[in-house]
2 protein chains.
Amino acid sequence: MLGCSLYDGEKVPLSLYPALGLEVFHNFTLLHDDIMDGSEMRRNQPTVHKKWNDNTAILSGDAMMILAYQLISRSPQTALVPVLELFSQTGLEVCEGQQYDMLFESRNDIKESDYIEMIRLKTAVLLGASLKTGAIIGGASPEAAKHLYLFGIDAGISFQLQDDWLDVFGDAATFGKNIGGDIVTNKKTFLLINALNNLSPAGKKELQLWLNKKDFDREEKITAVRNLYEDANVSINAKKRMNAYYENSLLHLKKAGGPSAIQEELRTFAQQLMDRSR
Amino acid sequence: MLGCSLYDGEKVPLSLYPALGLEVFHNFTLLHDDIMDGSEMRRNQPTVHKKWNDNTAILSGDAMMILAYQLISRSPQTALVPVLELFSQTGLEVCEGQQYDMLFESRNDIKESDYIEMIRLKTAVLLGASLKTGAIIGGASPEAAKHLYLFGIDAGISFQLQDDWLDVFGDAATFGKNIGGDIVTNKKTFLLINALNNLSPAGKKELQLWLNKKDFDREEKITAVRNLYEDANVSINAKKRMNAYYENSLLHLKKAGGPSAIQEELRTFAQQLMDRSR
């Protein structure tokens with residue numbers, strides 16, 4: 001809706017239903033991802049497949065995807081075809097991102113660029129598509145809409161890199177999640193990939209030992225791996241990458257045009273994404 | 001495409017993509033239903049969740065639903081909004097039907113009318129919606145499109161009742177499936193519900209014994225239950241119901257209008273549905 005208001009404040013009410021459609025779609029992906037990832041908690045509540053069962057989560061998710069399309073279909077007639085096209089394209093990319101995420105679990109040759117592409121698909125495209133949907137309904141030029149989309153992409157990637165960073169270096173009280181969850185489960189985040197690339201042979205060997213260990217003390221593993229991350233400068237490398245995407249997102253936002261007051265609101269939104277304490 | 005040709009033969013090529021969309025949607029439901037029902041075989045091949053795994057079947061199904069919407073979105077602009085609405089409405093009904101089917105497994109108070117409503121949602125609406133999508137693209141009047149839809153609904157219900165009948169009274173060689181599968185798994189088909197309604201108290205008690213038995217010889221159970229079905233006139237009752245829906249479907253087809261040559265093709269299609277040997 002902010003994306004729409006950047007180009008035509010009066011059209012904002014017309015962007016409400018498609019905005020809801022994108023939100024329902026996002027929640028559908030959570031239902032199915034939580035089954036696939038075996039996640040038991042979501043927003044401090046038991047996940048749907050845990051509280052009910054897998055079948056309920058599969059079928060409710062399916063129905064939610066259809067409900068999402070029903071909401072998207074309530075876009076203004078003149079915008080319907082491009083909005084639908086963007087939505088379906090984005091939906092397929094989110095599925096692709098989830099498939100890569102699952103495949104990466106059993107692969108040991110993931111490059112940093114593979115990881116960035118995975119989070120672009122799994123996380124960033126939905127933010128980009130949400131903004132661009134608003135731009136289309138607001139009557140933005142194709143060029144402006146493209147830059148608003150890329151603002152969302154780069155902000156989304158930066159956000160996900162920060163999420164990985166917070167899991168290791170964040171403060172449990174303000175992050176609101178247990179610290180070190182990704183370390184305990186060997187999740188192939190940017191940090192782990194970066195550490196494997198930058199550690200000395202001895203350090204890399206030690207990290208591999210921790211990755212292969214089946215029996216370990218949770219806190220001991222977190223501390224050991226975090227120390228190896230420090231040796232490899234992982235925190236600084238991740239922050240650099242995060243900031244580069246963040247700065248780039250702001251360049252795209254500028255090129256997306258529109259009144260400076262709304263530009264400011266979107267900058268604040270991006271800032272809040274990066275400043276979140278939970 | 002036949003539904004379209006009933007009203008405008010020249011528009012048939014425009015109905016190709018939506019027709020493909022409905023076919024892809026149908027196949028998506030099979031992927032997810034096979035997970036939920038624990039089915040191991042489909043079209044004489046291992047099901048997707050069996051050949052790969054649940055996650056692959058969930059995510060491939062999700063992607064197929066989006067691909068189905070992409071194909072539906074390629075409807076001619078003038079028909080796009082009503083075709084999309086019908087498609088989403090139908091998709092939700094199919095999900096509802098699947099949910100009823102699963103809920104019925106653990107319920108013992110299913111009425112014949114509940115069962116008919118379940119198969120209407122799970123099976124018949126997709127046939128009805130396919131025909132009506134063609135009618136909309138072909139420019140049919142709302143009244144004609146409604147009757148073509150109801151032709152599909154009644155033919156679909158008749159088809160499903162026959163599918164249940166063939167599972168018990170069909171010929172294995174021509175049916176192409178093992179006979180008695182529904183009896184072995186206590187599937188609550190029209191036949192089982194009708195038998196419970198029509199058996200004498202003694203017969204009903206015997207049927208309940210078979211339903212509750214955990215250890216049994218497969219062929220012995222099939223023969224015993226089939227004999228009880230004979231006692232309750234289930235075969236004749238089911239055939240009567242099947243024929244009533246079939247006859248009704250032909251009345252709706254007539255009211256749907258269009259040239260008699262295409263009417264004849266659709267009658268032949270309905271006939272083939274009911275005459276299938278496999």
# chains A, B, ... in the order shown; residues from 1 in each chain; ligands from 1
call {"tool": "interface_residues", "arguments": {"of": "chain B", "to": "chain A", "cutoff": "12 Å", "atoms": "only C-alpha atoms", "output": "PyMOL selection string"}}
result
chain B and resi 25+28-29+31-38+53-78+80-100+102-103
call {"tool": "residues_around", "arguments": {"residues": "Ala224 in chain A", "least_positions_apart": "6", "cutoff": "10 Å", "atoms": "only C-alpha atoms", "output": "ChimeraX atom specification"}}
result
/A:183,206-207,210,230
call {"tool": "write_last_selection", "arguments": {"atoms": "C-alpha atoms", "output": "PDB file, in the first residue's frame"}}
result
ATOM      1  CA  ILE A 183      24.600 -23.319  14.844  1.00  0.00           C
ATOM      2  CA  GLU A 206      37.799 -27.905  13.768  1.00  0.00           C
ATOM      3  CA  LEU A 207      34.573 -26.451  12.355  1.00  0.00           C
ATOM      4  CA  TRP A 210      31.694 -29.693  15.209  1.00  0.00           C
ATOM      5  CA  GLU A 230      35.297 -14.635  15.175  1.00  0.00           C
TER       6      GLU A 230
END
call {"tool": "select_by_dssp", "arguments": {"residues": "range 101-142 of chain A", "states": "helix (DSSP H, G or I)", "output": "ChimeraX atom specification"}}
result
/A:101-105,112-137,142
call {"tool": "write_last_selection", "arguments": {"atoms": "N, CA and C atoms", "output": "CSV table (one decimal), in the first residue's frame"}}
result
chain,number,residue,atom,x,y,z
A,101,ASP,N,16.6,-24.3,-0.4
A,101,ASP,CA,16.9,-24.3,1.0
A,101,ASP,C,17.0,-25.8,1.5
A,102,MET,N,16.0,-26.6,1.1
A,102,MET,CA,16.0,-28.0,1.5
A,102,MET,C,17.2,-28.8,0.9
A,103,LEU,N,17.4,-28.5,-0.4
A,103,LEU,CA,18.6,-29.2,-1.1
A,103,LEU,C,19.9,-28.9,-0.4
A,104,PHE,N,20.0,-27.6,0.0
A,104,PHE,CA,21.3,-27.2,0.6
A,104,PHE,C,21.7,-27.9,1.9
A,105,GLU,N,20.6,-28.4,2.6
A,105,GLU,CA,20.9,-29.2,3.8
A,105,GLU,C,21.8,-30.3,3.6
A,112,GLU,N,28.7,-18.7,-1.5
A,112,GLU,CA,28.0,-17.5,-1.0
A,112,GLU,C,26.9,-17.0,-2.0
A,113,SER,N,27.3,-17.1,-3.3
A,113,SER,CA,26.3,-16.6,-4.3
A,113,SER,C,25.1,-17.5,-4.4
A,114,ASP,N,25.3,-18.8,-4.2
A,114,ASP,CA,24.1,-19.7,-4.2
A,114,ASP,C,23.2,-19.4,-3.0
A,115,TYR,N,23.9,-19.1,-1.9
A,115,TYR,CA,23.1,-18.8,-0.7
A,115,TYR,C,22.2,-17.5,-0.9
A,116,ILE,N,22.9,-16.5,-1.4
A,116,ILE,CA,22.2,-15.2,-1.7
A,116,ILE,C,21.1,-15.4,-2.6
A,117,GLU,N,21.3,-16.2,-3.7
A,117,GLU,CA,20.2,-16.5,-4.7
A,117,GLU,C,19.1,-17.2,-4.0
A,118,MET,N,19.4,-18.1,-3.1
A,118,MET,CA,18.3,-18.9,-2.4
A,118,MET,C,17.5,-17.9,-1.5
A,119,ILE,N,18.1,-17.0,-0.7
A,119,ILE,CA,17.3,-16.1,0.1
A,119,ILE,C,16.6,-15.0,-0.7
A,120,ARG,N,17.2,-14.7,-1.9
A,120,ARG,CA,16.5,-13.8,-2.8
A,120,ARG,C,15.1,-14.4,-3.2
A,121,LEU,N,15.2,-15.7,-3.6
A,121,LEU,CA,14.0,-16.4,-4.0
A,121,LEU,C,13.0,-16.7,-2.8
A,122,LYS,N,13.6,-17.1,-1.7
A,122,LYS,CA,12.7,-17.6,-0.6
A,122,LYS,C,12.1,-16.4,0.1
A,123,THR,N,12.9,-15.3,0.3
A,123,THR,CA,12.4,-14.2,1.1
A,123,THR,C,12.2,-12.9,0.4
A,124,ALA,N,13.2,-12.5,-0.4
A,124,ALA,CA,13.2,-11.1,-0.9
A,124,ALA,C,12.2,-10.9,-2.0
A,125,VAL,N,11.9,-11.9,-2.9
A,125,VAL,CA,11.0,-11.6,-4.0
A,125,VAL,C,9.6,-11.2,-3.5
A,126,LEU,N,9.1,-11.8,-2.4
A,126,LEU,CA,7.8,-11.4,-1.9
A,126,LEU,C,7.7,-10.0,-1.5
A,127,LEU,N,8.8,-9.5,-0.9
A,127,LEU,CA,8.8,-8.1,-0.5
A,127,LEU,C,8.8,-7.2,-1.8
A,128,GLY,N,9.7,-7.6,-2.7
A,128,GLY,CA,9.8,-6.9,-4.0
A,128,GLY,C,8.5,-6.9,-4.7
A,129,ALA,N,7.8,-8.1,-4.8
A,129,ALA,CA,6.5,-8.2,-5.5
A,129,ALA,C,5.4,-7.4,-4.8
A,130,SER,N,5.5,-7.3,-3.5
A,130,SER,CA,4.4,-6.5,-2.7
A,130,SER,C,4.5,-5.1,-3.1
A,131,LEU,N,5.8,-4.6,-3.1
A,131,LEU,CA,6.0,-3.1,-3.5
A,131,LEU,C,5.6,-2.9,-4.9
A,132,LYS,N,6.0,-3.8,-5.8
A,132,LYS,CA,5.7,-3.6,-7.2
A,132,LYS,C,4.3,-3.7,-7.5
A,133,THR,N,3.5,-4.6,-6.8
A,133,THR,CA,2.1,-4.6,-7.0
A,133,THR,C,1.5,-3.3,-6.7
A,134,GLY,N,1.9,-2.7,-5.6
A,134,GLY,CA,1.4,-1.3,-5.3
A,134,GLY,C,1.8,-0.3,-6.4
A,135,ALA,N,3.0,-0.5,-6.9
A,135,ALA,CA,3.4,0.5,-8.0
A,135,ALA,C,2.6,0.3,-9.2
A,136,ILE,N,2.3,-0.9,-9.6
A,136,ILE,CA,1.4,-1.2,-10.8
A,136,ILE,C,0.1,-0.6,-10.6
A,137,ILE,N,-0.5,-0.8,-9.4
A,137,ILE,CA,-1.9,-0.3,-9.2
A,137,ILE,C,-1.8,1.3,-9.1
A,142,PRO,N,7.1,1.6,-15.9
A,142,PRO,CA,7.8,0.3,-15.8
A,142,PRO,C,9.2,0.5,-15.1
call {"tool": "residues_around", "arguments": {"residues": "range 162-169 of chain B", "least_positions_apart": "2", "cutoff": "7 Å", "atoms": "only C-alpha atoms", "output": "PyMOL selection string"}}
result
chain B and resi 158-160+171+179-182+189+242
call {"tool": "atom_distance", "arguments": {"atom1": "CA of Lys239 in chain B", "atom2": "CA of Lys111 in chain B"}}
result
17.7 Å
call {"tool": "closest_residue", "arguments": {"among": "B:Met1, B:Gly9, B:Asp154, B:Leu273", "to": "Leu22 in chain B", "atoms": "only C-alpha atoms"}}
result
B:Met1
call {"tool": "closest_residue", "arguments": {"among": "B:Thr185, B:Ala270, B:Leu209, B:Leu250", "to": "Ser39 in chain B", "atoms": "only C-alpha atoms"}}
result
B:Thr185
call {"tool": "residues_around", "arguments": {"residues": "Cys4 in chain A", "least_positions_apart": "3", "cutoff": "12 Å", "atoms": "only C-alpha atoms", "output": "PyMOL selection string"}}
result
chain A and resi 1+7-16+18-19+79+130-140+144-145+148+256-259+262-263+266
call {"tool": "residues_around", "arguments": {"residues": "Asn237 in chain A", "least_positions_apart": "3", "cutoff": "10 Å", "atoms": "only C-alpha atoms", "output": "mmCIF file with N, CA and C atoms, in the first residue's frame"}}
result
data_model
loop_
_atom_site.group_PDB
_atom_site.id
_atom_site.type_symbol
_atom_site.label_atom_id
_atom_site.label_comp_id
_atom_site.auth_asym_id
_atom_site.auth_seq_id
_atom_site.Cartn_x
_atom_site.Cartn_y
_atom_site.Cartn_z
ATOM 1 N N PHE A 190 24.694 -17.782 5.592
ATOM 2 C CA PHE A 190 25.823 -17.032 5.034
ATOM 3 C C PHE A 190 27.036 -17.127 5.960
ATOM 4 N N LEU A 191 26.784 -17.097 7.273
ATOM 5 C CA LEU A 191 27.882 -17.109 8.248
ATOM 6 C C LEU A 191 28.697 -18.391 8.160
ATOM 7 N N ASN A 194 30.581 -18.524 4.882
ATOM 8 C CA ASN A 194 31.687 -17.565 4.923
ATOM 9 C C ASN A 194 32.831 -18.060 5.799
ATOM 10 N N ALA A 195 32.486 -18.709 6.912
ATOM 11 C CA ALA A 195 33.524 -19.240 7.809
ATOM 12 C C ALA A 195 34.308 -20.339 7.104
ATOM 13 N N ASN A 198 36.807 -18.813 4.827
ATOM 14 C CA ASN A 198 37.842 -17.913 5.325
ATOM 15 C C ASN A 198 38.723 -18.471 6.426
ATOM 16 N N ALA A 232 37.379 -16.130 11.813
ATOM 17 C CA ALA A 232 37.239 -15.964 10.356
ATOM 18 C C ALA A 232 36.679 -14.599 9.985
ATOM 19 N N ASN A 233 36.500 -13.724 10.977
ATOM 20 C CA ASN A 233 35.968 -12.390 10.682
ATOM 21 C C ASN A 233 34.545 -12.416 10.126
ATOM 22 N N VAL A 234 33.809 -13.469 10.455
ATOM 23 C CA VAL A 234 32.504 -13.701 9.842
ATOM 24 C C VAL A 234 31.520 -12.582 10.171
ATOM 25 N N LYS A 240 29.253 -6.315 6.458
ATOM 26 C CA LYS A 240 29.633 -5.590 5.234
ATOM 27 C C LYS A 240 28.642 -5.898 4.115
ATOM 28 N N ARG A 241 28.374 -7.194 3.945
ATOM 29 C CA ARG A 241 27.482 -7.628 2.878
ATOM 30 C C ARG A 241 26.077 -7.053 3.105
ATOM 31 N N MET A 242 25.631 -7.171 4.353
ATOM 32 C CA MET A 242 24.325 -6.660 4.782
ATOM 33 C C MET A 242 24.202 -5.172 4.441
ATOM 34 N N ASN A 243 25.241 -4.409 4.798
ATOM 35 C CA ASN A 243 25.204 -2.964 4.565
ATOM 36 C C ASN A 243 25.243 -2.630 3.073
#
call {"tool": "closest_residue", "arguments": {"among": "A:Asn227, A:Ser200, A:Asn108, A:Ser141", "to": "Asn186 in chain A", "atoms": "only C-alpha atoms"}}
result
A:Asn108
